[in-house]
>>> print(open('work.pdb').read())   # PDB, C-alpha atoms
ATOM      1  CA  ASP A 260      31.542 -22.485  23.379  1.00  0.00           C
ATOM      2  CA  ALA A 261      28.912 -21.607  20.794  1.00  0.00           C
ATOM      3  CA  THR A 262      29.309 -18.307  19.028  1.00  0.00           C
ATOM      4  CA  SER A 263      26.321 -16.399  17.749  1.00  0.00           C
ATOM      5  CA  GLY A 264      26.427 -14.895  14.285  1.00  0.00           C
ATOM      6  CA  ALA A 265      26.061 -11.395  15.698  1.00  0.00           C
ATOM      7  CA  GLU A 266      29.361 -11.766  17.571  1.00  0.00           C
ATOM      8  CA  VAL A 267      31.371 -12.510  14.461  1.00  0.00           C
ATOM      9  CA  GLY A 268      31.830  -9.003  13.115  1.00  0.00           C
ATOM     10  CA  GLN A 269      28.816  -8.846  10.835  1.00  0.00           C
ATOM     11  CA  GLU A 270      27.645  -5.435   9.725  1.00  0.00           C
ATOM     12  CA  GLU A 271      24.876  -3.721  11.622  1.00  0.00           C
ATOM     13  CA  LYS A 272      22.240  -2.000   9.564  1.00  0.00           C
ATOM     14  CA  ASP A 273      19.517   0.118  11.167  1.00  0.00           C
ATOM     15  CA  GLY A 274      20.202  -1.538  14.528  1.00  0.00           C
ATOM     16  CA  GLN A 275      19.817  -5.059  13.143  1.00  0.00           C
ATOM     17  CA  CYS A 276      22.430  -7.538  12.110  1.00  0.00           C
ATOM     18  CA  ALA A 277      22.271  -7.632   8.297  1.00  0.00           C
ATOM     19  CA  SER A 278      23.311 -11.301   8.165  1.00  0.00           C
ATOM     20  CA  ALA A 279      20.674 -12.334  10.714  1.00  0.00           C
ATOM     21  CA  SER A 280      18.030 -10.493   8.713  1.00  0.00           C
ATOM     22  CA  LYS A 281      19.163 -12.193   5.500  1.00  0.00           C
ATOM     23  CA  LEU A 282      19.141 -15.538   7.279  1.00  0.00           C
ATOM     24  CA  SER A 283      15.623 -15.152   8.651  1.00  0.00           C
ATOM     25  CA  HIS A 284      14.260 -14.068   5.257  1.00  0.00           C
ATOM     26  CA  GLY A 285      16.161 -16.821   3.434  1.00  0.00           C
ATOM     27  CA  LEU A 286      15.104 -19.492   5.881  1.00  0.00           C
ATOM     28  CA  ALA A 287      11.467 -18.348   5.818  1.00  0.00           C
ATOM     29  CA  ALA A 288      11.503 -18.541   2.015  1.00  0.00           C
ATOM     30  CA  ALA A 289      13.145 -21.962   2.034  1.00  0.00           C
ATOM     31  CA  TYR A 290      10.963 -23.348   4.796  1.00  0.00           C
ATOM     32  CA  PRO A 291       7.774 -21.494   5.718  1.00  0.00           C
ATOM     33  CA  LEU A 292       6.787 -22.358   9.276  1.00  0.00           C
ATOM     34  CA  GLY A 293       3.091 -23.112   9.352  1.00  0.00           C
ATOM     35  CA  LYS A 294       2.738 -25.580  12.170  1.00  0.00           C
ATOM     36  CA  LYS A 295       1.568 -24.444  15.578  1.00  0.00           C
ATOM     37  CA  ARG A 296       3.878 -26.846  17.374  1.00  0.00           C
ATOM     38  CA  GLN A 297       7.512 -27.405  16.499  1.00  0.00           C
ATOM     39  CA  ILE A 298       9.723 -30.085  18.003  1.00  0.00           C
ATOM     40  CA  LEU A 299      13.470 -29.499  17.857  1.00  0.00           C
ATOM     41  CA  HIS A 300      16.077 -32.240  17.920  1.00  0.00           C
ATOM     42  CA  PHE A 301      19.672 -31.065  18.360  1.00  0.00           C
ATOM     43  CA  VAL A 302      22.509 -33.321  17.293  1.00  0.00           C
ATOM     44  CA  ARG A 303      26.131 -32.425  17.928  1.00  0.00           C
ATOM     45  CA  HIS A 304      28.682 -33.688  15.434  1.00  0.00           C
ATOM     46  CA  ALA A 305      30.279 -37.008  16.199  1.00  0.00           C
ATOM     47  CA  GLU A 306      33.947 -37.347  17.150  1.00  0.00           C
ATOM     48  CA  GLY A 307      36.325 -35.729  14.679  1.00  0.00           C
ATOM     49  CA  PHE A 308      40.012 -36.427  14.217  1.00  0.00           C
ATOM     50  CA  HIS A 309      40.764 -33.112  15.937  1.00  0.00           C
ATOM     51  CA  ASN A 310      38.786 -34.259  19.016  1.00  0.00           C
ATOM     52  CA  LEU A 311      40.638 -37.551  19.071  1.00  0.00           C
ATOM     53  CA  VAL A 312      44.044 -35.851  19.109  1.00  0.00           C
ATOM     54  CA  ALA A 313      43.056 -33.099  21.572  1.00  0.00           C
ATOM     55  CA  LEU A 314      41.675 -35.622  24.074  1.00  0.00           C
ATOM     56  CA  LYS A 315      45.201 -36.862  24.686  1.00  0.00           C
ATOM     57  CA  TYR A 316      45.920 -33.644  26.586  1.00  0.00           C
ATOM     58  CA  THR A 317      44.471 -31.618  29.444  1.00  0.00           C
ATOM     59  CA  ARG A 318      41.843 -29.232  28.080  1.00  0.00           C
ATOM     60  CA  HIS A 319      43.295 -25.767  27.327  1.00  0.00           C
ATOM     61  CA  SER A 320      46.857 -26.888  28.080  1.00  0.00           C
ATOM     62  CA  GLU A 321      49.617 -25.791  25.724  1.00  0.00           C
ATOM     63  CA  GLU A 322      49.734 -29.292  24.178  1.00  0.00           C
ATOM     64  CA  TYR A 323      45.949 -29.318  23.730  1.00  0.00           C
ATOM     65  CA  GLU A 324      45.972 -25.936  21.965  1.00  0.00           C
ATOM     66  CA  ARG A 325      48.937 -26.954  19.803  1.00  0.00           C
ATOM     67  CA  ALA A 326      47.137 -30.145  18.744  1.00  0.00           C
ATOM     68  CA  LEU A 327      44.023 -28.208  17.723  1.00  0.00           C
ATOM     69  CA  ALA A 328      46.135 -25.603  15.900  1.00  0.00           C
ATOM     70  CA  ASP A 329      47.587 -28.265  13.600  1.00  0.00           C
ATOM     71  CA  PRO A 330      46.752 -27.234  10.004  1.00  0.00           C
ATOM     72  CA  SER A 331      46.270 -30.873   9.000  1.00  0.00           C
ATOM     73  CA  TYR A 332      42.940 -30.742  10.876  1.00  0.00           C
ATOM     74  CA  PHE A 333      41.539 -27.950   8.672  1.00  0.00           C
ATOM     75  CA  ASP A 334      37.737 -28.468   8.475  1.00  0.00           C
ATOM     76  CA  ALA A 335      38.198 -31.645  10.503  1.00  0.00           C
ATOM     77  CA  ARG A 336      36.436 -34.787   9.411  1.00  0.00           C
ATOM     78  CA  LEU A 337      35.023 -37.646  11.471  1.00  0.00           C
ATOM     79  CA  SER A 338      37.252 -40.274  13.024  1.00  0.00           C
ATOM     80  CA  PRO A 339      36.367 -43.983  12.646  1.00  0.00           C
ATOM     81  CA  ARG A 340      34.830 -43.806  16.131  1.00  0.00           C
ATOM     82  CA  GLY A 341      32.811 -40.762  15.014  1.00  0.00           C
ATOM     83  CA  ILE A 342      31.487 -42.712  12.034  1.00  0.00           C
ATOM     84  CA  ASP A 343      30.461 -45.525  14.398  1.00  0.00           C
ATOM     85  CA  GLN A 344      28.720 -42.970  16.652  1.00  0.00           C
ATOM     86  CA  CYS A 345      26.719 -41.780  13.621  1.00  0.00           C
ATOM     87  CA  LYS A 346      25.689 -45.330  12.801  1.00  0.00           C
ATOM     88  CA  GLN A 347      24.532 -45.799  16.398  1.00  0.00           C
ATOM     89  CA  LEU A 348      22.545 -42.569  16.184  1.00  0.00           C
ATOM     90  CA  ARG A 349      20.948 -43.772  12.934  1.00  0.00           C
ATOM     91  CA  GLU A 350      19.836 -47.001  14.628  1.00  0.00           C
ATOM     92  CA  GLN A 351      18.478 -45.063  17.626  1.00  0.00           C
ATOM     93  CA  ALA A 352      16.572 -42.646  15.346  1.00  0.00           C
ATOM     94  CA  ILE A 353      15.012 -45.592  13.512  1.00  0.00           C
ATOM     95  CA  GLN A 354      14.142 -47.323  16.802  1.00  0.00           C
ATOM     96  CA  ASP A 355      12.563 -44.122  18.153  1.00  0.00           C
ATOM     97  CA  SER A 356      10.719 -43.402  14.880  1.00  0.00           C
ATOM     98  CA  LEU A 357      12.222 -39.925  14.921  1.00  0.00           C
ATOM     99  CA  ASP A 358      10.017 -37.479  13.035  1.00  0.00           C
ATOM    100  CA  TYR A 359      11.238 -34.208  11.543  1.00  0.00           C
ATOM    101  CA  ASP A 360      10.218 -31.651   8.933  1.00  0.00           C
ATOM    102  CA  LEU A 361      13.419 -29.655   8.545  1.00  0.00           C
ATOM    103  CA  ILE A 362      17.141 -30.270   8.938  1.00  0.00           C
ATOM    104  CA  LEU A 363      19.500 -27.383   9.656  1.00  0.00           C
ATOM    105  CA  VAL A 364      23.208 -28.136   9.614  1.00  0.00           C
ATOM    106  CA  SER A 365      26.509 -26.307   9.930  1.00  0.00           C
ATOM    107  CA  PRO A 366      28.610 -26.292   6.735  1.00  0.00           C
ATOM    108  CA  LEU A 367      31.599 -27.875   8.501  1.00  0.00           C
ATOM    109  CA  ALA A 368      32.646 -31.258   7.086  1.00  0.00           C
ATOM    110  CA  ARG A 369      32.181 -33.127  10.383  1.00  0.00           C
ATOM    111  CA  THR A 370      28.591 -31.917  10.807  1.00  0.00           C
ATOM    112  CA  LEU A 371      27.723 -32.701   7.196  1.00  0.00           C
ATOM    113  CA  GLN A 372      29.221 -36.172   7.621  1.00  0.00           C
ATOM    114  CA  THR A 373      27.276 -36.675  10.854  1.00  0.00           C
ATOM    115  CA  LEU A 374      24.066 -35.716   9.081  1.00  0.00           C
ATOM    116  CA  SER A 375      24.732 -37.859   6.023  1.00  0.00           C
ATOM    117  CA  ILE A 376      25.622 -40.987   7.984  1.00  0.00           C
ATOM    118  CA  ALA A 377      23.067 -40.675  10.791  1.00  0.00           C
ATOM    119  CA  PHE A 378      20.188 -39.581   8.522  1.00  0.00           C
ATOM    120  CA  PRO A 379      21.071 -41.027   5.097  1.00  0.00           C
ATOM    121  CA  ASN A 380      17.560 -41.061   3.651  1.00  0.00           C
ATOM    122  CA  PRO A 381      15.431 -38.213   4.968  1.00  0.00           C
ATOM    123  CA  PRO A 382      11.924 -38.011   3.536  1.00  0.00           C
ATOM    124  CA  PRO A 383      11.876 -36.145   0.185  1.00  0.00           C
ATOM    125  CA  HIS A 384       9.746 -33.343   1.640  1.00  0.00           C
ATOM    126  CA  VAL A 385      12.350 -32.535   4.329  1.00  0.00           C
ATOM    127  CA  PRO A 386      14.653 -29.678   3.330  1.00  0.00           C
ATOM    128  CA  ILE A 387      18.289 -29.870   4.430  1.00  0.00           C
ATOM    129  CA  ILE A 388      19.732 -26.377   4.793  1.00  0.00           C
ATOM    130  CA  ALA A 389      23.300 -25.459   5.736  1.00  0.00           C
ATOM    131  CA  ILE A 390      23.685 -22.300   7.810  1.00  0.00           C
ATOM    132  CA  ASP A 391      27.003 -20.765   8.860  1.00  0.00           C
ATOM    133  CA  ILE A 392      25.737 -19.484  12.226  1.00  0.00           C
ATOM    134  CA  LEU A 393      25.234 -23.060  13.435  1.00  0.00           C
ATOM    135  CA  ARG A 394      28.989 -23.556  13.649  1.00  0.00           C
ATOM    136  CA  GLU A 395      30.265 -24.043  17.185  1.00  0.00           C
ATOM    137  CA  ARG A 396      33.208 -21.708  16.557  1.00  0.00           C
ATOM    138  CA  TYR A 397      34.378 -19.403  13.798  1.00  0.00           C
ATOM    139  CA  GLY A 398      37.886 -20.007  12.533  1.00  0.00           C
ATOM    140  CA  LEU A 399      39.652 -19.877  15.890  1.00  0.00           C
ATOM    141  CA  ARG A 400      41.584 -22.937  14.827  1.00  0.00           C
ATOM    142  CA  PRO A 401      42.029 -24.736  11.502  1.00  0.00           C
ATOM    143  CA  CYS A 402      39.555 -27.427  12.601  1.00  0.00           C
ATOM    144  CA  ASP A 403      36.896 -24.722  13.059  1.00  0.00           C
ATOM    145  CA  SER A 404      37.324 -23.296   9.554  1.00  0.00           C
ATOM    146  CA  ARG A 405      35.188 -24.572   6.693  1.00  0.00           C
ATOM    147  CA  SER A 406      36.155 -25.579   3.197  1.00  0.00           C
ATOM    148  CA  ASP A 407      35.141 -23.673   0.084  1.00  0.00           C
ATOM    149  CA  VAL A 408      31.390 -24.069  -0.415  1.00  0.00           C
ATOM    150  CA  GLU A 409      31.752 -25.176  -4.047  1.00  0.00           C
ATOM    151  CA  ALA A 410      33.916 -28.132  -2.990  1.00  0.00           C
ATOM    152  CA  VAL A 411      31.538 -29.056  -0.162  1.00  0.00           C
ATOM    153  CA  LYS A 412      28.529 -28.948  -2.515  1.00  0.00           C
ATOM    154  CA  GLN A 413      30.163 -31.654  -4.630  1.00  0.00           C
ATOM    155  CA  GLU A 414      30.454 -34.023  -1.680  1.00  0.00           C
ATOM    156  CA  PHE A 415      27.067 -33.205  -0.140  1.00  0.00           C
ATOM    157  CA  PRO A 416      24.730 -32.488  -3.098  1.00  0.00           C
ATOM    158  CA  HIS A 417      21.630 -33.243  -0.994  1.00  0.00           C
ATOM    159  CA  VAL A 418      22.244 -30.141   1.163  1.00  0.00           C
ATOM    160  CA  ASN A 419      21.017 -26.653   0.252  1.00  0.00           C
ATOM    161  CA  PHE A 420      23.955 -24.238   0.683  1.00  0.00           C
ATOM    162  CA  SER A 421      22.137 -21.125  -0.563  1.00  0.00           C
ATOM    163  CA  LEU A 422      22.357 -19.452   2.879  1.00  0.00           C
ATOM    164  CA  VAL A 423      26.125 -20.005   3.202  1.00  0.00           C
ATOM    165  CA  PRO A 424      28.362 -17.289   1.722  1.00  0.00           C
ATOM    166  CA  PRO A 425      29.941 -18.549  -1.511  1.00  0.00           C
ATOM    167  CA  GLY A 426      33.629 -19.290  -1.785  1.00  0.00           C
ATOM    168  CA  PRO A 427      36.091 -19.865   1.012  1.00  0.00           C
ATOM    169  CA  ASP A 428      35.292 -19.340   4.680  1.00  0.00           C
ATOM    170  CA  PRO A 429      35.141 -15.585   5.425  1.00  0.00           C
ATOM    171  CA  TYR A 430      36.145 -16.365   9.036  1.00  0.00           C
ATOM    172  CA  ILE A 431      38.985 -18.651   8.055  1.00  0.00           C
ATOM    173  CA  CYS A 432      41.833 -19.428  10.385  1.00  0.00           C
ATOM    174  CA  PRO A 433      45.178 -19.203   8.581  1.00  0.00           C
ATOM    175  CA  ARG A 434      46.465 -22.666   7.726  1.00  0.00           C
TER
END
>>> encode(input="work.pdb", output="structure tokens")
Amino acid sequence: DATSGAEVGQEEKDGQCASASKLSHGLAAAYPLGKKRQILHFVRHAEGFHNLVALKYTRHSEEYERALADPSYFDARLSPRGIDQCKQLREQAIQDSLDYDLILVSPLARTLQTLSIAFPNPPPHVPIIAIDILRERYGLRPCDSRSDVEAVKQEFPHVNFSLVPPGPDPYICPR
């Protein structure tokens, strides 16, 4: 279900995706990679309210699609169960002495919540960078559309949003 940034209608320039080029330069400036060995940990967002509602129906059924198309789930947030899942992940990360040097996160509310609850106190040297291309989908449904970056910055001031286009979601699904 993941969508790469190059598939989302970004301009091509000299055979390269302009947004991908900007991303790689911006990310390299924000976090120069100097280690020979990199370990990646991938964390999917915890359960959102949109997941909770959609799970009542058969996947891809008319009822399922209608539930996910509900505008009240715009930039869906975590359900109470999702918050508990994040707390469990936090405990597991502590138990495993999880080590990391960089955090990359999608700018969707549910992923930012997952990050903030599961990893509430990352070491000060660890940059936290939001990147639009990490979204699982681009505006196909209201739950897959993100809020205006300025509003999100207020709620998640510990995240660097410099690589996310300013303003509202350019791939927004009509509410």
>>> resolve_selection(input="work.pdb", expression="the PyMOL selection byres ((chain A and resi 330-335) around 8)", output="short mmCIF file (atom, residue, chain, number, x, y, z; two decimals) with C-alpha atoms, in the frame of the given file")
data_model
loop_
_atom_site.label_atom_id
_atom_site.label_comp_id
_atom_site.auth_asym_id
_atom_site.auth_seq_id
_atom_site.Cartn_x
_atom_site.Cartn_y
_atom_site.Cartn_z
CA GLY A 307 36.33 -35.73 14.68
CA PHE A 308 40.01 -36.43 14.22
CA HIS A 309 40.76 -33.11 15.94
CA LEU A 327 44.02 -28.21 17.72
CA ALA A 328 46.14 -25.60 15.90
CA ASP A 329 47.59 -28.26 13.60
CA ARG A 336 36.44 -34.79 9.41
CA LEU A 337 35.02 -37.65 11.47
CA LEU A 367 31.60 -27.88 8.50
CA ALA A 368 32.65 -31.26 7.09
CA ARG A 369 32.18 -33.13 10.38
CA ARG A 400 41.58 -22.94 14.83
CA PRO A 401 42.03 -24.74 11.50
CA CYS A 402 39.56 -27.43 12.60
CA ASP A 403 36.90 -24.72 13.06
CA SER A 404 37.32 -23.30 9.55
CA ARG A 405 35.19 -24.57 6.69
CA SER A 406 36.16 -25.58 3.20
CA ARG A 434 46.46 -22.67 7.73
#
>>> closest_residue(input="work.pdb", among="A:Lys315, A:Lys346, A:His300, A:Arg396", to="Thr373 (chain A)", atoms="only C-alpha atoms")
A:Lys346
>>> residues_around(input="work.pdb", residues="Asp407 (chain A)", least_positions_apart="3", cutoff="6 Å", atoms="only C-alpha atoms", output="NGL selection string")
:A and (410 or 426-427)
>>> closest_residue(input="work.pdb", among="A:Ile392, A:Ala326, A:Val408, A:Leu422", to="Leu311 (chain A)", atoms="all atoms listed in the file")
A:Ala326
>>> axis_aligned_box(input="work.pdb", around="region 418-425 of chain A", padding_each_side="6 Å", output="JSON")
{"center_x": 25.5, "center_y": -23.7, "center_z": 0.8, "size_x": 20.9, "size_y": 24.9, "size_z": 16.7}
>>> closest_residue(input="work.pdb", among="A:Val364, A:Gln413, A:Thr317, A:Ser375", to="Arg394 (chain A)", atoms="all atoms listed in the file")
A:Val364
>>> closest_residue(input="work.pdb", among="A:Ile388, A:Glu324, A:Ala305, A:Asn419", to="Thr370 (chain A)", atoms="only C-alpha atoms")
A:Ala305
>>> atom_distance(input="work.pdb", atom1="CA of Leu393 (chain A)", atom2="CA of Ser365 (chain A)")
4.9 Å
>>> resolve_selection(input="work.pdb", expression="the PyMOL selection byres ((chain A and resi 344) around 12)", output="ChimeraX atom specification")
/A:302-307,337-343,345-351,372-374,376-377
>>> closest_residue(input="work.pdb", among="A:Ser356, A:Val312, A:Ala389, A:Arg318", to="Phe415 (chain A)", atoms="all atoms listed in the file")
A:Ala389
>>> atom_distance(input="work.pdb", atom1="CA of Pro366 (chain A)", atom2="CA of Pro424 (chain A)")
10.3 Å
>>> atom_distance(input="work.pdb", atom1="CA of Tyr397 (chain A)", atom2="CA of Ile431 (chain A)")
7.4 Å
>>> closest_residue(input="work.pdb", among="A:Glu321, A:Asp358, A:Glu409, A:Asp428", to="Asp391 (chain A)", atoms="all atoms listed in the file")
A:Asp428
>>> resolve_selection(input="work.pdb", expression="the PyMOL selection byres ((chain A and resi 384) around 12)", output="list in words")
Ala289, Tyr290, Tyr359, Asp360, Leu361, Ile362, Asn380, Pro381, Pro382, Pro383, Val385, Pro386 and Ile387 of chain A
